[in-house]
file my_file_11.txt (compact mmCIF, C-alpha atoms)
# COMPACT_ATOMS: atom_id res chain seq x y z
CA MET A 143 18.50 -214.99 -119.15
CA ASP A 144 19.37 -217.53 -121.89
CA VAL A 145 18.81 -221.08 -120.70
CA ALA A 146 19.70 -223.80 -123.20
CA ILE A 147 18.43 -227.38 -122.99
CA VAL A 148 20.69 -229.88 -124.76
CA LYS A 149 18.81 -231.55 -127.61
CA TYR A 150 19.82 -235.19 -128.15
CA ASN A 151 18.32 -238.66 -128.44
CA ALA A 152 17.54 -239.19 -124.73
CA GLY A 153 16.02 -235.91 -123.62
CA ASN A 154 12.74 -235.71 -121.72
CA VAL A 155 12.70 -232.16 -122.92
CA GLN A 156 9.01 -231.30 -122.66
CA SER A 157 8.74 -231.70 -118.87
CA VAL A 158 11.92 -229.70 -118.22
CA GLU A 159 10.77 -226.97 -120.60
CA PHE A 160 7.38 -226.69 -118.86
CA ALA A 161 9.04 -226.62 -115.41
CA LEU A 162 11.21 -223.69 -116.57
CA ASN A 163 8.12 -222.00 -118.07
CA ARG A 164 6.51 -222.17 -114.62
CA LEU A 165 9.54 -220.20 -113.33
CA GLY A 166 9.01 -217.59 -116.06
CA ILE A 167 11.86 -218.84 -118.29
CA THR A 168 11.59 -219.74 -121.96
CA PRO A 169 14.50 -222.10 -122.69
CA ILE A 170 16.16 -222.69 -126.07
CA ILE A 171 16.27 -226.36 -127.04
CA THR A 172 19.36 -226.83 -129.16
CA ASP A 173 22.30 -229.01 -130.24
CA ASN A 174 24.10 -226.03 -131.78
CA PRO A 175 27.59 -225.82 -130.17
CA GLN A 176 27.75 -222.03 -130.48
CA VAL A 177 24.36 -221.53 -128.79
CA LEU A 178 25.36 -223.98 -126.04
CA ARG A 179 28.66 -222.16 -125.45
CA THR A 180 27.08 -218.72 -125.14
CA ALA A 181 23.98 -219.59 -123.08
CA ASP A 182 23.87 -218.32 -119.48
CA LYS A 183 22.85 -221.75 -118.18
CA VAL A 184 22.77 -225.21 -119.77
CA ILE A 185 20.47 -228.07 -118.75
CA PHE A 186 21.21 -231.65 -119.83
CA PRO A 187 18.11 -233.79 -119.20
CA GLY A 188 17.89 -237.47 -119.98
CA VAL A 189 15.67 -240.50 -120.00
CA GLY A 190 16.98 -243.46 -121.92
CA GLU A 191 19.97 -245.73 -122.28
CA ALA A 192 23.61 -244.73 -121.70
CA SER A 193 25.50 -246.30 -124.63
CA SER A 194 23.16 -245.08 -127.39
CA ALA A 195 23.10 -241.60 -125.81
CA MET A 196 26.94 -241.44 -125.68
CA LYS A 197 27.19 -242.75 -129.25
CA TYR A 198 24.82 -240.01 -130.41
CA LEU A 199 26.80 -237.29 -128.56
CA ARG A 200 30.18 -238.54 -129.90
CA GLU A 201 28.99 -238.77 -133.50
CA ARG A 202 28.12 -235.07 -133.35
CA GLU A 203 31.18 -234.15 -131.21
CA LEU A 204 28.75 -232.80 -128.62
CA ASP A 205 30.72 -234.72 -125.98
CA ILE A 206 33.67 -232.33 -126.52
CA VAL A 207 31.36 -229.30 -126.41
CA LEU A 208 29.61 -230.36 -123.19
CA LYS A 209 32.88 -231.16 -121.37
CA ASN A 210 34.34 -227.73 -122.10
CA LEU A 211 31.55 -225.37 -121.05
CA THR A 212 32.19 -222.70 -118.42
CA GLN A 213 28.69 -221.56 -117.41
CA PRO A 214 26.54 -223.38 -114.77
CA PHE A 215 25.55 -226.75 -116.23
CA LEU A 216 22.93 -229.11 -114.77
CA GLY A 217 22.53 -232.79 -115.72
CA ILE A 218 19.32 -234.57 -114.73
CA CYS A 219 18.88 -238.35 -114.27
CA LEU A 220 20.61 -240.05 -117.24
CA GLY A 221 22.15 -236.63 -117.95
CA MET A 222 23.95 -236.79 -114.58
CA GLN A 223 25.03 -240.41 -115.18
CA LEU A 224 26.48 -239.45 -118.59
CA MET A 225 28.59 -236.79 -116.81
CA CYS A 226 30.28 -239.56 -114.79
CA LYS A 227 33.37 -241.57 -115.78
CA HIS A 228 31.80 -244.90 -116.67
CA SER A 229 28.40 -246.62 -116.53
CA GLU A 230 27.73 -250.32 -116.13
CA GLU A 231 24.79 -249.83 -118.49
CA ASN A 232 26.18 -251.60 -121.58
CA ASP A 233 29.72 -250.97 -120.26
CA THR A 234 29.76 -247.35 -121.43
CA ASP A 235 32.58 -244.81 -121.13
CA CYS A 236 30.87 -241.50 -120.36
CA LEU A 237 31.92 -237.84 -120.36
CA GLY A 238 34.18 -238.15 -117.31
CA ILE A 239 33.32 -234.77 -115.79
CA PHE A 240 32.72 -236.43 -112.41
CA ASP A 241 35.29 -238.97 -111.21
CA VAL A 242 32.49 -241.38 -110.29
CA LYS A 243 31.34 -244.79 -111.50
CA VAL A 244 27.70 -245.61 -112.26
CA LYS A 245 26.54 -249.10 -111.23
CA LEU A 246 23.43 -251.27 -111.53
CA PHE A 247 21.29 -251.61 -108.38
CA PRO A 248 21.36 -255.19 -107.07
CA PRO A 249 18.02 -257.04 -107.28
CA GLU A 250 17.50 -257.21 -103.48
CA GLU A 251 14.78 -254.56 -103.77
CA LYS A 252 12.55 -253.66 -106.68
CA VAL A 253 14.45 -252.13 -109.62
CA PRO A 254 14.02 -249.47 -110.97
CA HIS A 255 14.11 -247.35 -107.84
CA MET A 256 10.87 -245.57 -108.68
CA GLY A 257 8.99 -243.01 -106.62
CA TRP A 258 9.58 -240.42 -103.91
CA ASN A 259 12.64 -240.77 -101.68
CA LYS A 260 14.64 -238.52 -99.37
CA ILE A 261 17.73 -236.42 -100.06
CA PHE A 262 20.15 -235.54 -97.23
CA ASN A 263 23.71 -234.35 -96.37
CA TYR A 264 23.49 -231.29 -98.62
CA ASN A 265 26.63 -229.50 -99.72
CA SER A 266 25.62 -227.04 -102.43
CA PRO A 267 23.94 -223.66 -102.99
CA LEU A 268 21.45 -225.55 -105.21
CA LEU A 269 19.89 -226.99 -102.03
CA LYS A 270 19.50 -223.58 -100.37
CA GLY A 271 16.15 -223.34 -98.55
CA ILE A 272 15.43 -227.07 -98.87
CA ASP A 273 14.78 -228.94 -95.61
CA GLU A 274 17.03 -231.90 -94.82
CA ASN A 275 15.33 -235.20 -95.73
CA GLU A 276 12.98 -233.60 -98.25
CA TYR A 277 11.30 -235.99 -100.69
CA VAL A 278 12.02 -235.83 -104.45
CA TYR A 279 11.02 -238.03 -107.39
CA PHE A 280 13.36 -240.76 -108.71
CA VAL A 281 13.18 -243.25 -111.59
CA HIS A 282 16.44 -245.12 -112.21
CA SER A 283 18.03 -248.57 -112.29
CA TYR A 284 21.67 -247.40 -112.13
CA TYR A 285 23.21 -245.27 -109.38
CA ALA A 286 26.32 -243.10 -108.90
CA GLU A 287 28.63 -244.12 -106.05
CA LEU A 288 29.38 -241.76 -103.17
CA SER A 289 32.45 -239.58 -103.74
CA ASN A 290 34.00 -236.30 -102.61
CA GLU A 291 31.94 -234.70 -105.42
CA THR A 292 28.65 -235.79 -103.77
CA ILE A 293 26.37 -232.87 -102.87
CA THR A 294 23.26 -234.85 -101.86
CA THR A 295 22.93 -238.41 -100.66
CA SER A 296 19.96 -240.78 -100.91
CA ASN A 297 19.38 -244.30 -99.63
CA TYR A 298 17.97 -247.25 -101.52
CA MET A 299 19.44 -250.47 -100.15
CA PHE A 300 22.54 -248.30 -99.37
CA ASN A 301 23.70 -244.67 -99.61
CA TYR A 302 24.55 -243.30 -103.04
CA SER A 303 25.01 -239.91 -104.76
CA SER A 304 21.69 -238.27 -105.61
CA GLY A 305 23.59 -235.09 -106.53
CA LEU A 306 27.13 -234.30 -107.74
CA ASN A 307 29.11 -231.11 -108.32
CA LYS A 308 32.50 -230.22 -109.76
CA ASN A 309 33.31 -226.60 -110.63
CA ASN A 310 30.46 -225.29 -112.85
CA TYR A 311 29.02 -228.78 -113.39
CA TYR A 312 26.05 -230.03 -111.33
CA GLY A 313 24.01 -233.21 -111.63
CA PHE A 314 20.95 -234.66 -109.91
CA GLN A 315 19.77 -238.25 -110.13
CA PHE A 316 16.20 -237.26 -109.26
CA HIS A 317 13.85 -235.21 -111.44
CA PRO A 318 13.52 -231.64 -110.08
CA GLU A 319 11.05 -230.92 -112.91
CA LYS A 320 8.71 -233.57 -111.45
CA SER A 321 9.42 -233.06 -107.74
CA GLY A 322 6.63 -230.62 -106.87
CA GLU A 323 7.48 -227.38 -105.04
CA THR A 324 10.82 -228.78 -103.76
CA GLY A 325 11.97 -229.48 -107.31
CA ALA A 326 10.86 -226.04 -108.48
CA LYS A 327 12.94 -224.43 -105.69
CA ILE A 328 16.02 -226.43 -106.73
CA LEU A 329 15.62 -225.41 -110.38
CA LYS A 330 15.17 -221.80 -109.28
CA ASN A 331 18.38 -222.02 -107.22
CA PHE A 332 20.20 -223.26 -110.32
CA ILE A 333 18.80 -220.50 -112.51
CA GLU A 334 19.86 -217.91 -109.89
CA LEU A 335 23.47 -219.21 -109.62
CA MET B 28 13.21 -245.10 -97.52
CA LEU B 29 11.10 -245.12 -100.63
CA ALA B 30 7.67 -243.65 -99.85
CA LYS B 31 4.41 -245.45 -100.59
CA ARG B 32 2.54 -243.51 -103.25
CA ILE B 33 -1.05 -242.20 -103.27
CA ILE B 34 -2.38 -241.83 -106.82
CA PRO B 35 -5.70 -240.17 -107.62
CA CYS B 36 -7.05 -241.47 -110.92
CA LEU B 37 -9.07 -239.32 -113.28
CA ASP B 38 -11.20 -240.96 -115.95
CA VAL B 39 -11.52 -238.54 -118.85
CA LYS B 40 -14.17 -238.43 -121.56
CA ASP B 41 -14.25 -235.61 -124.10
CA GLY B 42 -12.03 -233.42 -121.88
CA ARG B 43 -14.01 -233.92 -118.65
CA THR B 44 -13.39 -236.09 -115.59
CA VAL B 45 -15.79 -238.94 -114.96
CA LYS B 46 -15.78 -241.97 -112.71
CA GLY B 47 -17.63 -245.18 -113.35
CA VAL B 48 -19.08 -247.06 -110.44
CA ASN B 49 -18.32 -250.69 -111.21
CA PHE B 50 -17.33 -249.40 -114.69
CA LYS B 51 -20.99 -248.70 -115.62
CA GLU B 52 -22.58 -245.54 -114.25
CA LEU B 53 -20.74 -242.32 -114.93
CA ARG B 54 -20.74 -239.12 -112.88
CA ASP B 55 -19.10 -235.81 -113.76
CA ALA B 56 -16.32 -234.69 -111.42
CA GLY B 57 -14.81 -231.65 -113.09
CA ASP B 58 -12.00 -230.30 -115.22
CA PRO B 59 -9.02 -232.73 -115.36
CA VAL B 60 -6.25 -230.09 -115.53
CA GLU B 61 -7.63 -228.09 -112.61
CA LEU B 62 -8.33 -231.19 -110.58
CA GLY B 63 -4.85 -232.60 -111.35
CA ALA B 64 -3.09 -229.39 -110.28
CA LEU B 65 -5.19 -229.31 -107.08
CA TYR B 66 -4.23 -232.89 -106.23
CA ALA B 67 -0.54 -232.06 -106.86
CA GLU B 68 -0.86 -229.15 -104.42
CA GLN B 69 -2.46 -231.48 -101.87
CA LEU B 70 0.67 -233.70 -102.16
CA ALA B 71 -0.69 -236.49 -104.32
CA ASP B 72 2.43 -238.45 -105.32
CA GLU B 73 1.42 -239.11 -108.89
CA LEU B 74 -1.64 -238.77 -111.11
CA CYS B 75 -3.28 -241.14 -113.53
CA PHE B 76 -5.48 -240.00 -116.44
CA LEU B 77 -7.45 -242.64 -118.32
CA ASP B 78 -9.12 -241.75 -121.58
CA ILE B 79 -12.45 -243.53 -121.76
CA SER B 80 -13.54 -241.76 -124.95
CA ALA B 81 -15.44 -243.83 -127.44
CA THR B 82 -14.87 -241.82 -130.62
CA LEU B 83 -11.82 -240.71 -132.56
CA GLU B 84 -12.92 -237.08 -132.23
CA GLU B 85 -12.90 -237.32 -128.43
CA ARG B 86 -9.49 -239.04 -128.47
CA LYS B 87 -7.96 -236.05 -130.25
CA THR B 88 -9.10 -233.89 -127.31
CA PHE B 89 -7.15 -236.20 -124.99
CA ALA B 90 -3.77 -235.72 -126.74
CA SER B 91 -3.96 -231.94 -126.36
CA LEU B 92 -5.19 -232.39 -122.79
CA VAL B 93 -1.99 -234.32 -121.95
CA LYS B 94 0.10 -231.29 -122.95
CA ASP B 95 -2.09 -229.03 -120.81
CA ILE B 96 -1.63 -231.35 -117.85
CA ALA B 97 2.17 -231.41 -118.31
CA ARG B 98 2.22 -227.62 -118.48
CA ASN B 99 0.32 -227.24 -115.20
CA VAL B 100 1.24 -230.23 -113.05
CA ASN B 101 4.65 -230.55 -111.33
CA ILE B 102 4.46 -234.23 -110.35
CA PRO B 103 4.68 -237.38 -112.51
CA PHE B 104 1.61 -238.61 -114.33
CA THR B 105 0.52 -241.68 -116.23
CA VAL B 106 -1.89 -241.66 -119.15
CA GLY B 107 -3.73 -244.44 -120.89
CA GLY B 108 -6.93 -245.71 -122.37
CA GLY B 109 -7.30 -247.31 -125.77
CA ILE B 110 -3.59 -247.34 -126.59
CA SER B 111 -2.65 -250.08 -129.03
CA GLU B 112 0.32 -248.74 -131.03
CA VAL B 113 3.87 -247.67 -130.22
CA SER B 114 3.37 -244.48 -132.30
CA GLN B 115 0.54 -243.37 -129.96
CA VAL B 116 2.88 -243.95 -127.00
CA GLY B 117 5.57 -241.76 -128.58
CA ARG B 118 3.13 -238.90 -129.12
CA LEU B 119 1.85 -238.98 -125.53
CA LEU B 120 5.39 -239.07 -124.09
CA GLU B 121 6.40 -236.16 -126.31
CA ALA B 122 3.35 -234.26 -125.03
CA GLY B 123 4.84 -234.60 -121.53
CA ALA B 124 3.35 -237.78 -120.02
CA ASP B 125 5.79 -239.70 -117.81
CA LYS B 126 4.30 -243.16 -118.12
CA ILE B 127 1.86 -244.88 -120.43
CA THR B 128 -0.54 -247.57 -119.36
CA VAL B 129 -1.75 -250.31 -121.70
CA ASN B 130 -4.41 -252.91 -120.97
CA SER B 131 -6.54 -254.83 -123.50
CA ALA B 132 -4.18 -254.22 -126.44
CA ALA B 133 -1.32 -255.79 -124.49
CA VAL B 134 -3.39 -258.91 -123.81
CA SER B 135 -4.22 -259.37 -127.50
CA ASN B 136 -0.70 -258.36 -128.59
CA PRO B 137 1.88 -258.88 -125.80
CA ILE B 138 4.74 -257.76 -128.08
CA LEU B 139 3.37 -254.23 -127.65
CA VAL B 140 4.83 -254.26 -124.11
CA GLU B 141 8.24 -255.36 -125.37
CA ASP B 142 8.22 -252.80 -128.19
CA MET B 143 7.33 -249.99 -125.78
CA ALA B 144 10.08 -251.02 -123.34
CA ASN B 145 12.69 -251.25 -126.11
CA GLU B 146 11.72 -247.96 -127.69
CA PHE B 147 11.09 -245.79 -124.62
CA GLY B 148 12.44 -247.73 -121.61
CA SER B 149 10.70 -249.88 -119.00
CA GLN B 150 10.28 -246.91 -116.65
CA CYS B 151 7.39 -245.56 -118.74
CA VAL B 152 5.57 -248.86 -119.36
CA VAL B 153 2.70 -249.51 -116.96
CA VAL B 154 0.63 -252.59 -117.69
CA ALA B 155 -2.89 -252.30 -116.30
CA ILE B 156 -4.50 -255.60 -115.38
CA ASP B 157 -8.22 -255.84 -114.65
CA THR B 158 -8.69 -258.98 -112.62
CA LYS B 159 -11.68 -260.91 -111.30
CA TYR B 160 -11.88 -263.74 -108.77
CA LYS B 161 -13.93 -266.60 -110.13
CA ASP B 162 -14.11 -270.28 -109.21
CA GLY B 163 -11.12 -270.07 -106.89
CA GLN B 164 -8.75 -268.26 -109.31
CA TRP B 165 -7.91 -264.71 -110.36
CA TYR B 166 -8.42 -264.19 -114.11
CA VAL B 167 -7.52 -261.36 -116.51
CA TYR B 168 -10.45 -259.39 -117.96
CA THR B 169 -10.23 -256.93 -120.86
CA HIS B 170 -12.23 -254.15 -122.53
CA GLY B 171 -13.05 -252.26 -119.35
CA GLY B 172 -13.76 -255.51 -117.53
CA THR B 173 -16.46 -256.66 -119.93
CA LYS B 174 -14.57 -259.56 -121.56
CA ALA B 175 -13.34 -262.61 -119.70
CA THR B 176 -10.11 -264.35 -120.72
CA PRO B 177 -8.78 -267.78 -119.70
CA ILE B 178 -5.48 -266.14 -118.62
CA LEU B 179 -4.53 -266.38 -114.94
CA THR B 180 -3.56 -262.99 -113.50
CA ILE B 181 -0.41 -264.35 -111.93
CA ASP B 182 0.82 -265.78 -115.27
CA TRP B 183 0.07 -262.56 -117.11
CA ALA B 184 1.89 -260.47 -114.48
CA LYS B 185 4.99 -262.67 -114.84
CA GLN B 186 4.81 -262.47 -118.62
CA VAL B 187 4.56 -258.67 -118.79
CA HIS B 188 7.41 -258.39 -116.30
CA ASP B 189 9.55 -260.55 -118.59
CA LEU B 190 8.50 -258.46 -121.61
CA GLY B 191 9.85 -255.32 -119.91
CA ALA B 192 6.91 -253.71 -118.07
CA GLY B 193 8.14 -251.22 -115.46
CA GLU B 194 5.07 -251.29 -113.26
CA ILE B 195 1.73 -253.09 -112.84
CA LEU B 196 -1.57 -251.36 -112.14
CA LEU B 197 -3.77 -254.09 -110.68
CA THR B 198 -7.52 -253.46 -110.46
CA SER B 199 -9.78 -255.96 -108.78
CA MET B 200 -13.17 -255.94 -110.48
CA ASN B 201 -14.67 -257.67 -107.48
CA HIS B 202 -13.67 -254.71 -105.31
CA ASP B 203 -13.86 -251.73 -107.68
CA GLY B 204 -16.62 -249.33 -106.68
CA THR B 205 -17.52 -251.27 -103.52
CA LYS B 206 -15.50 -249.17 -101.02
CA SER B 207 -14.96 -252.37 -99.04
CA GLY B 208 -11.16 -252.41 -99.26
CA PHE B 209 -8.50 -253.46 -101.80
CA ALA B 210 -7.93 -257.07 -102.94
CA LEU B 211 -5.11 -257.78 -100.50
CA ASP B 212 -4.35 -261.40 -101.45
CA ILE B 213 -3.78 -261.02 -105.21
CA THR B 214 -1.97 -257.69 -104.71
CA ARG B 215 0.42 -259.30 -102.25
CA THR B 216 0.94 -262.37 -104.46
CA ILE B 217 1.86 -260.28 -107.49
CA SER B 218 4.04 -257.90 -105.47
CA GLU B 219 6.00 -260.80 -103.95
CA ILE B 220 6.50 -262.69 -107.21
CA ILE B 221 7.65 -259.95 -109.55
CA ASN B 222 10.42 -257.44 -108.93
CA ILE B 223 8.63 -254.30 -110.25
CA PRO B 224 6.28 -251.93 -108.39
CA VAL B 225 2.60 -252.82 -108.05
CA ILE B 226 -0.14 -250.18 -107.87
CA ALA B 227 -3.27 -251.49 -106.15
CA SER B 228 -6.62 -250.24 -107.41
CA GLY B 229 -10.27 -250.88 -106.70
CA GLY B 230 -12.11 -250.85 -103.40
CA ALA B 231 -10.68 -247.89 -101.46
CA GLY B 232 -13.29 -246.68 -98.98
CA THR B 233 -11.50 -245.83 -95.73
CA MET B 234 -8.02 -244.76 -94.65
CA LYS B 235 -7.57 -248.16 -93.03
CA HIS B 236 -7.97 -249.78 -96.45
CA PHE B 237 -4.90 -247.88 -97.69
CA LYS B 238 -2.89 -248.92 -94.63
CA GLU B 239 -3.87 -252.56 -95.18
CA VAL B 240 -2.90 -252.57 -98.85
CA PHE B 241 0.55 -251.11 -98.04
CA THR B 242 1.21 -253.56 -95.17
CA GLU B 243 -0.71 -256.82 -95.78
CA GLY B 244 -1.06 -256.21 -99.53
CA LYS B 245 2.61 -255.17 -99.97
CA ALA B 246 1.56 -252.64 -102.62
CA ASP B 247 4.02 -249.93 -103.65
CA ALA B 248 1.26 -247.47 -104.50
CA ALA B 249 -2.50 -247.22 -104.16
CA LEU B 250 -4.86 -245.66 -106.65
CA ALA B 251 -8.36 -244.32 -106.03
CA ALA B 252 -10.82 -242.05 -107.77
CA SER B 253 -14.27 -241.23 -106.45
CA ILE B 254 -13.35 -240.95 -102.77
CA PHE B 255 -10.97 -238.13 -103.74
CA HIS B 256 -13.11 -236.53 -106.43
CA PHE B 257 -16.16 -236.30 -104.20
CA LYS B 258 -14.07 -235.17 -101.19
CA GLU B 259 -14.99 -238.16 -99.08
CA MET B 260 -11.32 -238.26 -98.14
CA GLU B 261 -8.65 -235.52 -98.24
CA ILE B 262 -5.22 -236.64 -99.43
CA GLY B 263 -3.54 -234.66 -96.61
CA ASP B 264 -5.64 -236.41 -93.93
CA LEU B 265 -4.96 -239.80 -95.48
CA LYS B 266 -1.20 -239.13 -95.57
CA ASN B 267 -1.17 -237.99 -91.92
CA TYR B 268 -3.05 -241.14 -90.92
CA LEU B 269 -0.62 -243.40 -92.82
CA ARG B 270 2.47 -241.60 -91.49
CA GLU B 271 1.20 -241.93 -87.90
CA GLY B 272 0.66 -245.61 -88.66
CA GLY B 273 4.35 -246.03 -89.47
CA ILE B 274 4.04 -246.13 -93.28
CA PRO B 275 6.77 -244.22 -95.18
CA ILE B 276 4.88 -241.32 -96.77
CA ARG B 277 6.04 -238.15 -98.49
CA SER B 278 4.97 -235.00 -96.64
call {"tool": "encode", "arguments": {"input": "my_file_11.txt", "output": "structure tokens"}}
result
Amino acid sequence: MDVAIVKYNAGNVQSVEFALNRLGITPIITDNPQVLRTADKVIFPGVGEASSAMKYLRERELDIVLKNLTQPFLGICLGMQLMCKHSEENDTDCLGIFDVKVKLFPPEEKVPHMGWNKIFNYNSPLLKGIDENEYVYFVHSYYAELSNETITTSNYMFNYSSGLNKNNYYGFQFHPEKSGETGAKILKNFIEL
Amino acid sequence: MLAKRIIPCLDVKDGRTVKGVNFKELRDAGDPVELGALYAEQLADELCFLDISATLEERKTFASLVKDIARNVNIPFTVGGGISEVSQVGRLLEAGADKITVNSAAVSNPILVEDMANEFGSQCVVVAIDTKYKDGQWYVYTHGGTKATPILTIDWAKQVHDLGAGEILLTSMNHDGTKSGFALDITRTISEIINIPVIASGGAGTMKHFKEVFTEGKADAALAASIFHFKEMEIGDLKNYLREGGIPIRS
């Protein structure tokens, strides 16, 4: 099984790589379009800022590559937000895979939303075997709105999309690579798609 | 609802876990990677590893230890101890740490906090504040609590928040090692004034102490060391107690 992790300027690659290692997978970390196109699975991690990440992807025409892949593709955290249409973070046009807007959390509660929170209302094979209301680990200041592409919901001040899916494209706002046994199961479900 | 976090803290010297009682006496409590993985299995919500090495040689051990921890632990972890430069932060994040804590170096050079936030994002910047109650005020102490400063804790907390800190780890020196409970008043004050999470540290002795710091103290997370290392309290038992007491806790 060839699993590629997209190499760019906002990847928290090491943690994702180790999480895959724990599942017996040795991923390839690459920005080579040909390797990305032919991999069995592609993971798009991300910790950082939206506009500089999109600028980096566009300069290398990786945005075109990522939008046109056909194998199962998983965005994590900023990776998922970059797969949306637009982010309020520095008013950034993103990849537009999901028809969803990304907005800044209002300051009524502490921001970033950091720590363990619940996921619910599952609608995806990636959540197979996961109990409703399981806790996973989040760190983010921006959130994706609910839409008909939502596959998991979470609540912080209000309900928002903690997971999205369209065709072969999946995204999670939380960090499966840091979410203990639950996160490992979700990654395993993705690998087994 | 966001769960309150329980964070075991491991002090590391030359690759081994130690815990100072009132920052002075040290006792050996095992291998940090093994202990960290065990705590993750027991549903600790996060881990904290502080390097208390004195020499450069020992510090090198710590950097490779961070990679070992990341390889074996499937929950977030913070590392710190003696960090004074952005380049050190970059190396530890690349090794797989999720957050970096800075203490004395931030007090002498506050721009360090801003530089870290700009370069790596606020989410990974944890400012540790050692505080002591003296003459009716809470003051900031540095260098493992050995040096007093004239800075009020509340002012410093506001300043690091403005500089881009993502979290504050607040240790009361009056309470640390006493097992008489957390410093509820200063924890609550800081948590109410600034809009970032506060981790309370110092003084955990009973399960009730944790409940108090989450309710009266308004802490987002609580950190403890020796009571976990020496098995005076099991994380699972503590979490059951807190959940039954109506505190949102990850199970």
call {"tool": "interface_residues", "arguments": {"input": "my_file_11.txt", "of": "chain A", "to": "chain B", "cutoff": "6 Å", "atoms": "all atoms listed in the file", "output": "ChimeraX atom specification"}}
result
/A:156-157,160,252,258-259,320-322
call {"tool": "closest_residue", "arguments": {"input": "my_file_11.txt", "among": "A:His255, A:Lys197, A:Lys149, A:Lys243", "to": "A:Pro169", "atoms": "all atoms listed in the file"}}
result
A:Lys149
call {"tool": "closest_residue", "arguments": {"input": "my_file_11.txt", "among": "A:Asp205, A:Glu230, A:Glu334, A:Glu323", "to": "A:Tyr284", "atoms": "all atoms listed in the file"}}
result
A:Glu230
call {"tool": "residues_around", "arguments": {"input": "my_file_11.txt", "residues": "B:Glu261", "least_positions_apart": "2", "cutoff": "12 Å", "atoms": "only C-alpha atoms", "output": "list of chain:residue names"}}
result
B:Ile33, B:Pro35, B:Leu65, B:Tyr66, B:Glu68, B:Gln69, B:Leu70, B:Ala71, B:Thr233, B:Met234, B:Ala251, B:Ala252, B:Ser253, B:Ile254, B:Phe255, B:His256, B:Phe257, B:Lys258, B:Glu259, B:Gly263, B:Asp264, B:Leu265, B:Lys266, B:Asn267, B:Tyr268
call {"tool": "atom_distance", "arguments": {"input": "my_file_11.txt", "atom1": "atom CA of A:Leu269", "atom2": "atom CA of A:Leu246"}}
result
26.3 Å
call {"tool": "atom_distance", "arguments": {"input": "my_file_11.txt", "atom1": "atom CA of B:Ile220", "atom2": "atom CA of B:Pro137"}}
result
19.5 Å
call {"tool": "atom_distance", "arguments": {"input": "my_file_11.txt", "atom1": "atom CA of B:Ser111", "atom2": "atom CA of B:Val39"}}
result
17.8 Å
call {"tool": "residues_around", "arguments": {"input": "my_file_11.txt", "residues": "A:Asp144", "least_positions_apart": "5", "cutoff": "7 Å", "atoms": "only C-alpha atoms", "output": "list of chain:residue names"}}
result
A:Pro169, A:Ala181, A:Asp182, A:Lys183
call {"tool": "residues_around", "arguments": {"input": "my_file_11.txt", "residues": "stretch 261-264 of chain A", "least_positions_apart": "3", "cutoff": "8 Å", "atoms": "only C-alpha atoms", "output": "list in words"}}
result
Leu269, Glu274, Asn275, Glu276, Tyr277, Val278, Ile293, Thr294, Thr295, Ser296 and Ser304 of chain A
call {"tool": "closest_residue", "arguments": {"input": "my_file_11.txt", "among": "A:Arg202, A:Lys308, A:Lys209, A:His282", "to": "A:Glu231", "atoms": "all atoms listed in the file"}}
result
A:His282
call {"tool": "axis_aligned_box", "arguments": {"input": "my_file_11.txt", "around": "stretch 251-269 of chain A", "padding_each_side": "3 Å", "output": "lines of an AutoDock Vina configuration file"}}
result
center_x = 17.8
center_y = -239.1
center_z = -103.7
size_x = 23.6
size_y = 36.9
size_z = 20.6
call {"tool": "residues_around", "arguments": {"input": "my_file_11.txt", "residues": "A:Pro249", "least_positions_apart": "5", "cutoff": "10 Å", "atoms": "only C-alpha atoms", "output": "number ranges by chain"}}
result
A: 254, 283, 299; B: 222
call {"tool": "residues_around", "arguments": {"input": "my_file_11.txt", "residues": "B:Ala249", "least_positions_apart": "6", "cutoff": "10 Å", "atoms": "only C-alpha atoms", "output": "ChimeraX atom specification"}}
result
/B:31-36,196-197,209,225-229,231,236-238,240-241
call {"tool": "closest_residue", "arguments": {"input": "my_file_11.txt", "among": "A:Ala146, A:Leu288, A:Ile272, A:Met196", "to": "A:Ser303", "atoms": "only C-alpha atoms"}}
result
A:Leu288
call {"tool": "closest_residue", "arguments": {"input": "my_file_11.txt", "among": "A:Ile167, A:Val177, A:Cys236, A:Leu211", "to": "A:Ile333", "atoms": "all atoms listed in the file"}}
result
A:Ile167
call {"tool": "closest_residue", "arguments": {"input": "my_file_11.txt", "among": "A:Ile239, A:Leu268, A:Ile206, A:Ile147", "to": "A:Pro318", "atoms": "only C-alpha atoms"}}
result
A:Leu268
